[in-house]
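**Q** Structure supplied as start.tsv; contents: TSV, C-alpha atoms and all ligand atoms.
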chain	number	residue	atom	x	y	z
A	1	MET	CA	124.90	79.84	136.51
A	2	THR	CA	123.57	83.04	138.08
A	3	LEU	CA	122.03	86.01	136.33
A	4	GLN	CA	125.14	88.04	137.23
A	5	ASP	CA	127.25	85.51	135.33
A	6	LEU	CA	125.13	86.30	132.28
A	7	GLY	CA	125.75	90.02	132.64
A	8	TRP	CA	122.81	91.05	134.83
A	9	ASN	CA	123.58	94.35	136.60
A	10	ASP	CA	121.95	97.21	138.50
A	11	PHE	CA	120.42	98.64	135.36
A	12	THR	CA	118.74	95.35	134.46
A	13	GLU	CA	117.69	94.74	138.05
A	14	GLN	CA	115.96	98.13	138.26
A	15	ALA	CA	114.19	97.64	134.94
A	16	TRP	CA	113.02	94.23	136.07
A	17	GLN	CA	111.77	95.45	139.44
A	18	ALA	CA	109.93	98.34	137.81
A	19	GLN	CA	108.10	96.42	135.12
A	20	PHE	CA	108.30	92.66	135.30
A	21	SER	CA	108.75	91.39	138.84
A	22	SER	CA	105.05	90.84	139.43
A	23	GLY	CA	103.53	87.96	137.53
A	24	ASN	CA	104.99	84.63	136.60
A	25	LEU	CA	107.81	85.81	134.40
A	26	THR	CA	111.41	84.60	134.34
A	27	PRO	CA	114.37	86.62	133.08
A	28	GLY	CA	116.68	85.31	130.40
A	29	ARG	CA	119.23	86.55	127.89
A	30	VAL	CA	118.99	86.00	124.16
A	31	CYS	CA	122.16	84.31	122.90
A	32	GLY	CA	121.06	83.50	119.38
A	33	THR	CA	118.18	83.83	116.96
A	34	HIS	CA	117.17	81.50	114.23
A	35	ARG	CA	114.13	81.75	111.99
A	36	GLY	CA	111.85	83.34	114.54
A	37	PHE	CA	113.10	81.21	117.43
A	38	TYR	CA	115.23	82.60	120.21
A	39	SER	CA	117.73	80.65	122.16
A	40	VAL	CA	117.62	82.10	125.65
A	41	TRP	CA	119.90	81.53	128.64
A	42	THR	CA	118.11	81.38	131.94
A	43	GLU	CA	119.28	80.53	135.44
A	44	SER	CA	117.81	77.09	135.08
A	45	GLY	CA	119.28	76.29	131.68
A	46	ASP	CA	118.84	77.14	128.03
A	47	ILE	CA	115.52	77.22	126.30
A	48	GLU	CA	114.27	77.83	122.80
A	49	ALA	CA	111.21	79.99	122.47
A	50	PRO	CA	109.26	82.03	119.97
A	51	ALA	CA	108.36	85.63	120.76
A	52	ARG	CA	104.94	87.26	120.90
A	53	GLY	CA	103.86	88.43	117.47
A	54	LYS	CA	103.42	91.95	118.72
A	55	LEU	CA	107.12	92.15	119.63
A	56	ILE	CA	108.30	90.77	116.32
A	57	ARG	CA	106.27	93.06	114.09
A	58	ASN	CA	107.96	96.18	115.43
A	59	PRO	CA	111.66	96.43	114.46
A	60	ASP	CA	112.32	98.38	117.67
A	61	THR	CA	111.05	95.65	119.98
A	62	ARG	CA	112.04	92.58	118.00
A	63	PRO	CA	114.40	90.61	120.26
A	64	VAL	CA	118.05	90.49	119.18
A	65	THR	CA	121.15	88.82	120.54
A	66	GLY	CA	122.16	90.34	123.86
A	67	ASP	CA	118.66	91.30	124.92
A	68	TRP	CA	117.34	90.61	128.37
A	69	VAL	CA	113.84	89.25	128.03
A	70	ALA	CA	110.88	88.32	130.22
A	71	LEU	CA	109.72	84.77	129.57
A	72	GLU	CA	106.37	83.17	130.06
A	73	SER	CA	106.74	79.54	131.00
A	74	ASN	CA	103.86	77.60	129.58
A	75	PRO	CA	104.50	77.31	126.68
A	76	PRO	CA	107.88	79.09	126.79
A	77	THR	CA	107.43	82.44	125.02
A	78	VAL	CA	109.35	85.70	124.96
A	79	ARG	CA	106.82	88.13	126.37
A	80	ASP	CA	108.82	91.35	126.53
A	81	VAL	CA	112.23	92.86	125.94
A	82	LEU	CA	113.78	94.78	128.84
A	83	PRO	CA	115.07	98.31	128.22
A	84	ARG	CA	118.46	98.16	126.51
A	85	ARG	CA	121.46	99.69	128.28
A	86	THR	CA	123.40	99.95	125.02
A	87	ARG	CA	122.50	99.02	121.46
A	88	VAL	CA	124.30	98.84	118.17
A	89	VAL	CA	122.09	100.28	115.45
A	90	ARG	CA	122.68	100.86	111.79
A	91	LYS	CA	120.45	101.84	108.94
A	92	ALA	CA	118.98	98.73	107.37
A	93	PRO	CA	120.61	98.03	104.02
A	94	GLY	CA	118.94	99.12	100.79
A	95	GLU	CA	116.37	101.78	100.19
A	96	GLU	CA	114.49	101.21	103.39
A	97	THR	CA	114.35	103.98	105.92
A	98	VAL	CA	114.35	101.73	108.96
A	99	SER	CA	116.97	100.92	111.50
A	100	GLN	CA	118.40	97.54	112.31
A	101	VAL	CA	119.56	96.64	115.80
A	102	LEU	CA	122.58	94.35	115.53
A	103	GLY	CA	123.18	93.63	119.20
A	104	THR	CA	122.36	94.97	122.64
A	105	ASN	CA	123.67	95.35	126.19
A	106	ILE	CA	127.30	95.36	125.06
A	107	ASP	CA	129.91	96.90	127.38
A	108	THR	CA	132.89	97.04	125.05
A	109	ILE	CA	132.57	97.03	121.30
A	110	PHE	CA	135.58	95.86	119.33
A	111	ILE	CA	135.69	97.21	115.80
A	112	VAL	CA	137.78	94.70	113.91
A	113	ALA	CA	139.60	95.63	110.70
A	114	GLY	CA	142.06	93.52	108.75
A	115	LEU	CA	145.48	94.88	107.85
A	116	ASP	CA	145.26	93.39	104.39
A	117	ARG	CA	144.39	94.89	101.03
A	118	ASP	CA	140.92	95.62	102.32
A	119	PHE	CA	142.20	98.07	104.97
A	120	ASN	CA	140.17	101.24	104.81
A	121	PRO	CA	140.30	104.00	107.47
A	122	ARG	CA	137.12	105.57	106.09
A	123	ARG	CA	135.20	102.40	106.83
A	124	ILE	CA	136.64	102.34	110.36
A	125	GLU	CA	135.35	105.90	110.80
A	126	ARG	CA	131.84	104.78	109.90
A	127	PHE	CA	132.00	101.87	112.31
A	128	LEU	CA	133.19	104.32	114.98
A	129	VAL	CA	130.11	106.49	114.45
A	130	ILE	CA	127.91	103.48	115.14
A	131	ALA	CA	130.06	102.32	118.06
A	132	PHE	CA	130.08	105.71	119.81
A	133	GLU	CA	126.36	106.03	119.29
A	134	SER	CA	125.74	102.60	120.84
A	135	GLY	CA	126.71	103.70	124.34
A	136	ALA	CA	129.35	100.97	124.63
A	137	GLN	CA	133.08	101.69	124.90
A	138	PRO	CA	134.63	101.44	121.42
A	139	VAL	CA	138.00	99.77	120.84
A	140	VAL	CA	139.60	99.33	117.41
A	141	VAL	CA	141.36	96.03	116.72
A	142	LEU	CA	143.70	95.95	113.75
A	143	ASN	CA	143.98	92.24	112.99
A	144	LYS	CA	146.16	90.31	110.54
A	145	ALA	CA	149.27	92.14	111.80
A	146	ASP	CA	151.26	89.14	110.57
A	147	ILE	CA	150.80	90.12	106.94
A	148	CYS	CA	151.33	93.87	107.34
A	149	PRO	CA	154.88	95.22	107.09
A	150	ASP	CA	153.99	98.72	108.35
A	151	ALA	CA	151.56	97.83	111.13
A	152	ALA	CA	152.89	100.47	113.53
A	153	GLU	CA	152.14	103.20	111.01
A	154	ARG	CA	148.61	101.89	110.54
A	155	VAL	CA	148.12	102.04	114.32
A	156	SER	CA	149.10	105.74	114.46
A	157	GLU	CA	146.92	106.44	111.44
A	158	VAL	CA	143.90	104.91	113.16
A	159	GLU	CA	144.69	106.48	116.52
A	160	ALA	CA	144.43	109.83	114.79
A	161	ILE	CA	140.81	109.13	113.81
A	162	ALA	CA	139.64	107.18	116.87
A	163	ASN	CA	138.84	110.07	119.23
A	164	GLY	CA	140.53	108.40	122.17
A	165	ALA	CA	139.29	104.88	121.59
A	166	PRO	CA	142.17	102.42	122.17
A	167	VAL	CA	143.72	100.91	119.04
A	168	LEU	CA	145.09	97.37	119.39
A	169	LEU	CA	147.21	95.31	117.06
A	170	THR	CA	146.57	91.57	116.83
A	171	SER	CA	147.10	88.47	114.79
A	172	ALA	CA	144.41	85.93	115.43
A	173	LEU	CA	146.26	83.48	113.25
A	174	GLN	CA	149.44	83.67	115.32
A	175	GLN	CA	147.56	84.31	118.57
A	176	ASP	CA	149.43	87.56	119.02
A	177	GLY	CA	148.18	90.52	121.03
A	178	ILE	CA	145.09	88.71	122.26
A	179	ASP	CA	145.92	89.49	125.91
A	180	GLN	CA	145.36	93.20	125.24
A	181	ILE	CA	141.73	92.36	124.56
A	182	ARG	CA	141.50	90.12	127.63
A	183	ARG	CA	142.82	92.91	129.84
A	184	LEU	CA	139.87	95.12	128.92
A	185	LEU	CA	137.29	92.57	130.08
A	186	LYS	CA	136.08	91.36	133.44
A	187	PRO	CA	133.63	88.61	134.41
A	188	GLY	CA	130.06	89.43	133.45
A	189	ASP	CA	131.13	91.89	130.75
A	190	THR	CA	129.74	91.58	127.26
A	191	ALA	CA	132.18	92.20	124.42
A	192	GLY	CA	130.78	92.74	120.93
A	193	PHE	CA	132.82	92.15	117.78
A	194	MET	CA	131.89	94.18	114.75
A	195	GLY	CA	133.54	94.55	111.37
A	196	SER	CA	133.26	93.66	107.72
A	197	SER	CA	133.08	90.06	106.66
A	198	GLY	CA	136.44	88.32	106.58
A	199	VAL	CA	138.38	90.55	108.98
A	200	GLY	CA	138.85	87.75	111.50
A	201	LYS	CA	136.12	88.26	114.10
A	202	SER	CA	135.41	84.55	114.48
A	203	HIS	CA	139.12	83.75	114.70
A	204	LEU	CA	139.62	86.38	117.41
A	205	ILE	CA	136.63	85.13	119.38
A	206	ASN	CA	138.02	81.64	119.14
A	207	CYS	CA	141.37	82.74	120.54
A	208	LEU	CA	139.55	84.47	123.39
A	209	LEU	CA	137.37	81.50	124.18
A	210	GLY	CA	140.54	79.50	124.53
A	211	THR	CA	139.14	76.36	122.98
A	212	ASP	CA	138.44	75.14	119.52
A	213	GLU	CA	134.90	74.27	120.45
A	214	ARG	CA	133.49	76.76	118.05
A	215	GLU	CA	133.91	75.81	114.48
A	216	ILE	CA	134.96	78.71	112.34
A	217	GLY	CA	133.62	79.19	108.89
A	218	ALA	CA	132.05	75.76	108.97
A	219	VAL	CA	128.81	76.77	110.65
A	220	ARG	CA	127.45	78.59	107.69
A	221	ASP	CA	124.15	78.83	106.00
A	222	SER	CA	123.42	80.36	102.67
A	223	ASP	CA	120.57	82.83	102.58
A	224	GLY	CA	119.77	81.81	99.05
A	225	ARG	CA	121.28	84.84	97.36
A	226	GLY	CA	124.77	83.47	97.37
A	227	ARG	CA	125.64	85.33	100.54
A	228	HIS	CA	126.74	83.54	103.65
A	229	THR	CA	125.99	84.29	107.22
A	230	THR	CA	127.24	82.80	110.42
A	231	VAL	CA	124.35	81.05	112.13
A	232	GLY	CA	123.92	79.50	115.53
A	233	ARG	CA	124.88	81.09	118.78
A	234	ASP	CA	126.10	84.61	118.65
A	235	LEU	CA	126.63	85.11	122.37
A	236	LEU	CA	129.22	82.82	123.92
A	237	MET	CA	130.76	82.57	127.36
A	238	ALA	CA	134.51	82.33	127.80
A	239	LYS	CA	135.86	80.37	130.71
A	240	ASP	CA	137.18	83.62	132.20
A	241	GLY	CA	133.59	84.67	132.67
A	242	TRP	CA	133.04	87.28	129.99
A	243	LEU	CA	130.53	87.05	127.22
A	244	LEU	CA	131.44	87.44	123.59
A	245	MET	CA	129.06	88.51	120.90
A	246	ASP	CA	129.78	87.91	117.26
A	247	LEU	CA	127.87	90.66	115.47
A	248	PRO	CA	127.01	89.76	111.90
A	249	GLY	CA	129.68	90.78	109.39
A	250	VAL	CA	128.13	93.81	107.74
A	251	ARG	CA	129.20	94.80	104.27
A	252	ALA	CA	127.94	98.34	104.31
A	253	VAL	CA	127.87	100.36	107.47
A	254	GLU	CA	125.42	103.15	107.30
A	255	PRO	CA	125.06	105.20	110.45
A	256	TRP	CA	121.55	105.69	111.70
A	257	SER	CA	121.75	108.73	113.93
A	258	GLN	CA	123.64	111.95	114.40
A	259	ALA	CA	124.56	111.20	117.99
A	260	GLY	CA	127.64	109.14	117.19
A	261	VAL	CA	129.01	111.66	114.69
A	262	GLU	CA	129.54	114.29	117.37
A	263	GLN	CA	131.86	111.98	119.24
A	264	SER	CA	133.64	110.15	116.48
A	265	PHE	CA	134.24	113.31	114.46
A	266	ALA	CA	134.69	115.59	117.47
A	267	ASP	CA	137.93	117.02	116.03
A	268	VAL	CA	136.20	118.06	112.79
A	269	GLU	CA	133.27	119.62	114.61
A	270	THR	CA	135.63	121.59	116.86
A	271	ILE	CA	137.33	123.04	113.79
A	272	ILE	CA	133.97	123.93	112.22
A	273	GLU	CA	132.99	125.85	115.36
A	274	GLN	CA	135.97	128.11	114.77
A	275	CYS	CA	134.80	129.33	111.34
A	276	ARG	CA	134.06	133.05	111.37
A	277	PHE	CA	130.53	132.61	110.02
A	278	ARG	CA	128.10	130.24	111.68
A	279	ASP	CA	126.62	129.20	108.34
A	280	CYS	CA	130.03	128.82	106.69
A	281	SER	CA	129.87	126.39	103.78
A	282	HIS	CA	133.64	125.85	104.04
A	283	LYS	CA	134.10	126.59	100.38
A	284	SER	CA	135.54	130.05	99.98
A	285	GLU	CA	134.39	132.18	102.89
A	286	PRO	CA	136.93	134.37	104.66
A	287	GLY	CA	137.89	133.10	108.11
A	288	CYS	CA	137.01	129.51	107.30
A	289	ALA	CA	138.75	127.31	109.89
A	290	VAL	CA	138.16	124.18	107.82
A	291	ALA	CA	139.98	125.59	104.79
A	292	ALA	CA	142.86	126.66	107.05
A	293	ALA	CA	143.04	123.25	108.72
A	294	LEU	CA	143.01	121.45	105.38
A	295	GLN	CA	145.70	123.76	104.10
A	296	SER	CA	147.98	123.30	107.10
A	297	GLY	CA	147.37	119.56	107.19
A	298	ALA	CA	145.81	119.71	110.66
A	299	LEU	CA	142.73	118.13	109.09
A	300	ASP	CA	143.06	115.24	106.66
A	301	GLN	CA	141.18	115.86	103.42
A	302	GLN	CA	139.88	112.29	103.17
A	303	ARG	CA	138.68	112.33	106.77
A	304	TYR	CA	136.88	115.59	106.13
A	305	ASP	CA	135.32	114.22	102.90
A	306	ASN	CA	134.11	111.17	104.82
A	307	TYR	CA	132.62	113.41	107.51
A	308	ARG	CA	130.71	115.31	104.80
A	309	LYS	CA	129.54	112.06	103.28
A	310	VAL	CA	128.27	110.66	106.57
A	311	GLN	CA	126.46	113.95	107.23
A	312	ALA	CA	124.95	113.96	103.74
A	313	ASP	CA	123.76	110.35	104.14
A	314	LEU	CA	122.12	111.14	107.47
A	315	LYS	CA	120.43	114.20	105.99
A	316	LYS	CA	119.14	112.19	103.04
A	317	LEU	CA	117.89	109.52	105.42
A	318	GLY	CA	116.08	112.14	107.50
A	319	LYS	CA	114.42	113.51	104.38
A	320	ARG	CA	113.32	110.09	103.19
A	321	GLN	CA	111.91	109.36	106.64
A	322	GLU	CA	109.91	112.58	106.56
A	323	GLU	CA	108.58	111.73	103.11
A	324	LYS	CA	107.61	108.27	104.22
A	325	GLU	CA	105.91	109.64	107.32
A	326	SER	CA	103.84	112.06	105.30
A	327	ILE	CA	102.82	109.30	102.88
A	328	ASP	CA	101.88	107.05	105.80
A	329	GLU	CA	99.95	109.89	107.39
A	330	GLN	CA	98.05	110.53	104.15
A	331	ARG	CA	97.27	106.83	103.88
A	332	ARG	CA	95.95	106.74	107.45
A	333	ARG	CA	93.71	109.72	106.74
A	334	ASN	CA	92.37	108.13	103.56
A	335	THR	CA	91.67	104.87	105.37
A	336	SER	CA	89.78	106.53	108.18
A	337	ARG	CA	87.80	108.62	105.68
A	338	THR	CA	86.83	105.47	103.78
A	339	LYS	CA	85.76	103.90	107.06
A	340	ARG	CA	83.66	106.92	108.02
A	341	MET	CA	81.99	106.89	104.61
A	342	LYS	CA	81.15	103.22	104.96
A	343	HIS	CA	79.57	103.81	108.33
A	344	SER	CA	77.51	106.80	107.29
A	401	LIG	N1	146.86	86.41	107.92
A	401	LIG	C1	145.85	86.39	108.78
A	401	LIG	N2	144.65	85.91	108.38
A	401	LIG	C2	143.64	85.88	109.30
A	401	LIG	C3	143.80	86.37	110.62
A	401	LIG	N3	142.61	86.24	111.26
A	401	LIG	C4	141.75	85.69	110.37
A	401	LIG	N4	142.37	85.45	109.19
A	401	LIG	C5	141.78	84.87	107.97
A	401	LIG	O1	140.72	85.69	107.52
A	401	LIG	C6	139.64	84.92	107.03
A	401	LIG	C7	138.33	85.31	107.68
A	401	LIG	O2	138.39	85.05	109.07
A	401	LIG	P1	137.04	84.94	109.95
A	401	LIG	O3	137.44	84.83	111.39
A	401	LIG	O4	136.14	83.88	109.42
A	401	LIG	O5	136.39	86.36	109.63
A	401	LIG	P2	134.99	86.97	110.18
A	401	LIG	O6	135.28	88.40	110.50
A	401	LIG	O7	134.46	86.15	111.28
A	401	LIG	O8	134.07	86.90	108.89
A	401	LIG	P3	132.43	86.81	108.83
A	401	LIG	O9	132.02	85.72	109.77
A	401	LIG	O10	132.17	86.53	107.42
A	401	LIG	O11	131.92	88.15	109.25
A	401	LIG	C8	140.04	83.47	107.27
A	401	LIG	O12	140.49	82.93	106.05
A	401	LIG	C9	141.15	83.53	108.27
A	401	LIG	O13	142.07	82.49	108.12
A	401	LIG	C10	145.08	86.88	111.00
A	401	LIG	O14	145.33	87.34	112.12
A	401	LIG	N5	146.06	86.87	110.03
A	402	MG	MG	132.56	85.16	111.51
A	403	ZN	ZN	134.21	127.13	107.25
Hey, can you dump this file as C-alpha cells for me?
**A**
Amino acid sequence: MTLQDLGWNDFTEQAWQAQFSSGNLTPGRVCGTHRGFYSVWTESGDIEAPARGKLIRNPDTRPVTGDWVALESNPPTVRDVLPRRTRVVRKAPGEETVSQVLGTNIDTIFIVAGLDRDFNPRRIERFLVIAFESGAQPVVVLNKADICPDAAERVSEVEAIANGAPVLLTSALQQDGIDQIRRLLKPGDTAGFMGSSGVGKSHLINCLLGTDEREIGAVRDSDGRGRHTTVGRDLLMAKDGWLLMDLPGVRAVEPWSQAGVEQSFADVETIIEQCRFRDCSHKSEPGCAVAAALQSGALDQQRYDNYRKVQADLKKLGKRQEEKESIDEQRRRNTSRTKRMKHS
C-alpha cells in the first residue's frame, strides 16, 4: 500500500517536506485510537503506538482519527501531527469551554439523519454548521427511507436548508441509494460519516465497504456511565480505494466557531443585510427585512429561531472563554508573584 492509497496528497507532501523530511521519521495515518494508543497505517504495515505526552496534553495537538503523523521508530511513538487540511470540530460537551476534534483530513462529510420519529431539521442545521466549518464538502444523507412514507417531501425540506449541499435518500437496510454515495468518491478520498447515534452510519459504511467484515453494533464498549461507544478502527478502506471514517455518534452538536454559520445560514444572513438599520434587532423596527421575510414565508420561523439559538450559544461560549482566560491570567500572575516573593 502506498501513501497515496491512504489519502496522501500535495498538501500533506508539502507539509512533510517543510517540517519532517529531515530526521528519521516515517509518515503514517491514524485509523483508530484506544486508551492512549494509536493504531497507525504506514507504508510498511500497521503499528500501534503511544504519542508523546506533550502532544496529548494539548487538545489541539492530540492525535485523532484521520491525522497524518510523524513516527519515531524505536520504540514506535507518535512524535508530531501534520497540519490538518480539514477538521471536524465541535464544542466539547458539558460546561467546558474547549473544543473537541472529531476527525481530520476528510474530503467529503456525510451528515446522516434517519427518516424516523427522530427526524429533526434543526439538528441537521447544526451539523451543517460544523460540516461547512470543517473545510470538507458536506452532503446530507437521509437514511431509513424504507420507513418514511413522505421521503420526497423530506428531501425538499432539507434541500431548502442545505445551502447547496447535495441531499441523498438511502436505505441502508434495503441497500437502496448507496450508489449515489459511491459516485461522490474516488480512490484516496476520505469520507466522514457524522450524525446522531442510531441513524445508521455503521450500516451505511457496511454497505459501502461491500463486505460484512465489520460487525455492526457488536463491537461496543461501555464507558461505565451506561453509554455505549463504537470502539476499534474508525478509518476503514473500501475495496474501491476510498477511506471511510465513522465519526462517533454525537448526541448534542454544539458548533464551535462562527465560520460555519456564515455558509450554512447564508440565506438568513443575506436577509439580515437588507434590514434598513445595521443594528436592527429584528423585533419591531421599520424596514426590517427579517420581519418581512417571516411574514411572507420566504424565511421559515423555525429556521430563523435555530439561527438565533446557534448565534446565542456561540456568543455565550465566547463570553465564557473570555472569563476563563481572565481567570487563568490572574492565576498566572499570582503564581509568578508567589515565585518572586519566594526568591526575594
Ligand atoms: N428501517 C431502517 N433501519 C435502519 C436503517 N439503517 C440502520 N437502521 C437501524 O438503525 C439502528 C442503528 O443503526 P447503526 O448503523 O448502528 O447506527 P449508527 O449511526 O452507527 O449508531 P452509533 O454507532 O450509535 O452512532 C439499527 O437498529 C439498524 O438496524 C435503514 O435504512 N432503515
Ligand atoms: Mg455506529
Ligand atoms: Zn431586521
**Q** Do you have the CA of Lys324 (chain A)-CA of Arg62 (chain A) distance handy?
**A** 21.3 Å
**Q** Looking at A:Pro59, A:Val139, A:Gln301, A:Val290, which one is nearest to Phe277 (chain A), with distances taken over all atoms listed in the file?
**A**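 Selected residue with least distance to Phe277 (chain A): A:Val290.
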**Q** Using all atoms listed in the file, find each residue with an atom at most 8 Å away from ligand ZN 403 (chain A) and format the answer as a VMD selection string.
**A** chain A and resid 272 274 to 277 279 to 285 287 to 291
**Q** Set the distance at 9 Å and use all atoms listed in the file: which residues neighbour Ala293 (chain A) once local chain neighbours fewer than 6 positions away are removed? I'd like the list as number ranges by chain.
**A** A: 271, 299-300
**Q** Quick one: residues within 6 Å of ligand LIG 401 (chain A), with all atoms listed in the file, as a list in words?
**A**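 Listing the residues within 6 Å of ligand LIG 401 (chain A) gives Asn143, Lys144, Asp146, Ile147, Ser171, Ala172, Leu173, Ser196, Ser197, Gly198, Val199, Gly200, Lys201, Ser202, His203, Gly217, Thr230, Pro248 and Gly249 of chain A.
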**Q** Measuring atom to atom with only C-alpha atoms, identify which of A:Ala312, A:Leu208, A:Ile130, A:Ala152 is nearest to Leu169 (chain A).
**A**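 Of the candidates, the smallest distance to Leu169 (chain A) is held by A:Ala152.
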**Q** Given all atoms listed in the file as the basis, pick out the residue of A:Thr65, A:Ser134, A:Gln311, A:Asn206 nearest to ligand MG 402 (chain A).
**A**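 Ranking A:Thr65, A:Ser134, A:Gln311, A:Asn206 by distance to ligand MG 402 (chain A), first place goes to A:Asn206.
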**Q** Pick out the closest residue to Leu235 (chain A) from this set: A:Glu72, A:Asp67, A:Glu125, A:Asp116. Count only C-alpha atoms.
**A**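 Result for the nearest residue to Leu235 (chain A): A:Asp67.
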**Q** Quick one: everything within 6 Å of Val89 (chain A), counting all atoms listed in the file, minus sequence neighbours fewer than 6 positions away in the same chain. Send it as a VMD selection string.
**A** chain A and resid 100 to 102
**Q** Got time to write the residues from that selection, C-alpha atoms, as a PDB file, in the frame of the given file?
**A**
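What ended up in selection37.pdb:
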ATOM      1  CA  GLN A 100     118.400  97.540 112.310  1.00  0.00           C
ATOM      2  CA  VAL A 101     119.560  96.640 115.800  1.00  0.00           C
ATOM      3  CA  LEU A 102     122.580  94.350 115.530  1.00  0.00           C
TER       4      LEU A 102
END
**Q** Which residue out of A:Val81, A:Val268, A:Leu294, A:Leu247 has the minimum interatomic distance to ligand MG 402 (chain A) when all atoms listed in the file are used?
**A** A:Leu247
**Q** For the atom pair CA of Arg79 (chain A) and CA of Ala191 (chain A), what is the interatomic distance in Å to one decimal place?
**A**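 Interatomic distance here is 25.8 Å.
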**Q** Taking into account all atoms listed in the file, which residue in the set A:Asp234, A:Asp118, A:Glu262, A:Glu325 is nearest to ligand MG 402 (chain A)?
**A**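 Of the candidates, the smallest distance to ligand MG 402 (chain A) is held by A:Asp234.
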**Q** Expressed in Å to a single decimal, how great is the separation between CA of Ala266 (chain A) and CA of Leu142 (chain A)?
**A**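 Interatomic distance, CA of Ala266 (chain A) to CA of Leu142 (chain A): 21.9 Å.
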**Q** Using only C-alpha atoms, which residues sit within 12 Å of Asp189 (chain A) once same-chain residues fewer than 3 positions away are excluded, as an NGL selection string?
**A** :A and (4-9 or 66 or 105-109 or 136-137 or 182-186 or 192 or 235-238 or 240-245)
**Q** As an MDAnalysis selection string, please: the residues near Lys309 (chain A) (cut-off 12 Å, only C-alpha atoms, same-chain neighbours under 6 positions excluded).
**A** chainID A and resid 122:123 125:126 254:255 261 302:303 315:316
**Q** Could you name the residues that touch region 45-48 of chain A at 9 Å or less, counting only C-alpha atoms, but leaving out those on the same chain fewer than 5 positions away, as an mmCIF file with C-alpha atoms, in the coordinates of the input?
**A**
data_model
loop_
_atom_site.group_PDB
_atom_site.id
_atom_site.type_symbol
_atom_site.label_atom_id
_atom_site.label_comp_id
_atom_site.auth_asym_id
_atom_site.auth_seq_id
_atom_site.Cartn_x
_atom_site.Cartn_y
_atom_site.Cartn_z
ATOM 1 C CA MET A 1 124.900 79.840 136.510
ATOM 2 C CA GLY A 28 116.680 85.310 130.400
ATOM 3 C CA PHE A 37 113.100 81.210 117.430
ATOM 4 C CA TYR A 38 115.230 82.600 120.210
ATOM 5 C CA SER A 39 117.730 80.650 122.160
ATOM 6 C CA VAL A 40 117.620 82.100 125.650
ATOM 7 C CA PRO A 76 107.880 79.090 126.790
ATOM 8 C CA THR A 77 107.430 82.440 125.020
#
**Q** Enclose the full set of atoms of region 118-132 of chain A listed in the file within a box whose edges lie along x, y and z, apply 8 Å of padding to each of the six sides, and report centre and edge lengths in Å to one decimal as JSON.
**A**
{"center_x": 135.1, "center_y": 101.1, "center_z": 111.1, "size_x": 30.3, "size_y": 26.9, "size_z": 33.5}
